[in-house]
Amino acid sequence: MPSSWEALRVGGKEMKVYSSMPAGSGPFPAVVVIHSAGGVGQFIEDFNDRLADEGYVAVAPDLLHRVTDDMIADGSRRSAHTSDPQVILDVNTTVEFLRNHAAVDPGRLGITGFCFGGRVCWLMAAESSHFRVAAPFYGASIMVPRGDTTQSPFDRTPGIDCPLMFHFGELDANPSPDDMVKFDSELNRLGKPHEFFTYDGAGHAFMSHVGASYHQPSAELAWSRSLEFFDTHLKGQVASKPIQA
């Protein structure tokens, strides 16, 4: 299973992506994997590789590529300097990379993400028509806009056009249990297909096996549920959806 770092051009800048490929020639379904606030690290690389082992092309773009050391000299987090319009551009560029890849079936794309990435997952499910599934893990600050926009991902919920599976930690404060109720109510109001799962004893970042908050039973259950979700919606017959310019 080959994995590598590649570089895409976004608005005249270079954005690195970590790409994991299944064995064989494809065409394969693909999943865009969005990192947490810390960027593409060991957990994301391992998650990508696990997806490739299951027959998915997995690509994780570095959405912090515009953030400089000067920006975080005040002690702020790199993710605090991201902008929703720029993130949308970055993920759309990643999507086009996949849709034009010889090993990818362009009609079978999904997206998942963790914390900051779970927020981006919700955002992109609303902003892109190319995703057939979205699986956010403990998406934080979904009701808060970032950058040069007044719309939060939550405000964009009417645009969601694919089934959504959201994983919550019981002990998490962002998203909190109250947030989960609001998300569920809005998705129900809009008639958007979704499944929500709460994991007992798990806090924020419970999926990351390299972090202090790792909760193994919850992580294993969430992985199996997500894989079944992806398999249901992204595997099967090769989609006939053509590549669009």
# chains A, B, ... in the order shown; residues from 1 in each chain; ligands from 1
$ select_by_dssp --residues "stretch 26-217 of chain A" --states "strand (DSSP E or B)" --output "NGL selection string"
:A and (28-34 or 36 or 39 or 57-61 or 104-114 or 131-137 or 164-169 or 194-199)
$ residues_around --residues "stretch 178-184 of chain A" --least-positions-apart "3" --cutoff "9 Å" --atoms "only C-alpha atoms" --output "count of residues only"
13
$ closest_residue --among "A:His209, A:His35, A:Arg146, A:Arg108" --to "A:Val133" --atoms "only C-alpha atoms"
A:Arg108
$ residues_around --residues "A:Arg77" --least-positions-apart "3" --cutoff "12 Å" --atoms "only C-alpha atoms" --output "list in words"
Ser36, Ala37, Gly38, Gly39, Leu64, Val67, Thr68, Asp69, Asp70, Met71, Ile72, Ala73, Asp74, Ala80, His81, Thr82 and Phe116 of chain A
$ closest_residue --among "A:Ser208, A:Met15, A:Phe137, A:Gln86" --to "A:Glu45" --atoms "only C-alpha atoms"
A:Ser208
$ residues_around --residues "A:Arg156" --least-positions-apart "5" --cutoff "8 Å" --atoms "only C-alpha atoms" --output "JSON, numbers by chain"
{"A": [123, 126, 127, 151]}
$ residues_around --residues "A:Thr198" --least-positions-apart "5" --cutoff "9 Å" --atoms "only C-alpha atoms" --output "list in words"
Phe166, His167, Phe168, Gly169, Glu170 and Pro177 of chain A
$ residues_around --residues "A:Pro29" --least-positions-apart "3" --cutoff "10 Å" --atoms "only C-alpha atoms" --output "list in words"
Gly26, Ala52, Gly55, Tyr56, Val57, Ala58, Leu98, Ala103, Val104, Asp105, Pro106, Gly107, Arg108, Leu109, Gly110, Phe230, Asp231, His233, Leu234, Lys235, Gly236, Val238 and Ala239 of chain A
$ atom_distance --atom1 "atom CA of A:Asn100" --atom2 "atom CA of A:Ala30"
11.8 Å
$ closest_residue --among "A:Ser79, A:Thr232, A:Ser129, A:Ser185" --to "A:Ser141" --atoms "only C-alpha atoms"
A:Ser79
$ residues_around --residues "A:Glu6" --least-positions-apart "4" --cutoff "7 Å" --atoms "only C-alpha atoms" --output "NGL selection string"
:A and (16-18)
$ atom_distance --atom1 "atom CA of A:Glu14" --atom2 "atom CA of A:Pro85"
16.9 Å
$ select_by_dssp --residues "stretch 5-103 of chain A" --states "helix (DSSP H, G or I)" --output "PyMOL selection string"
chain A and resi 42-53+70-72+78-81+84-99
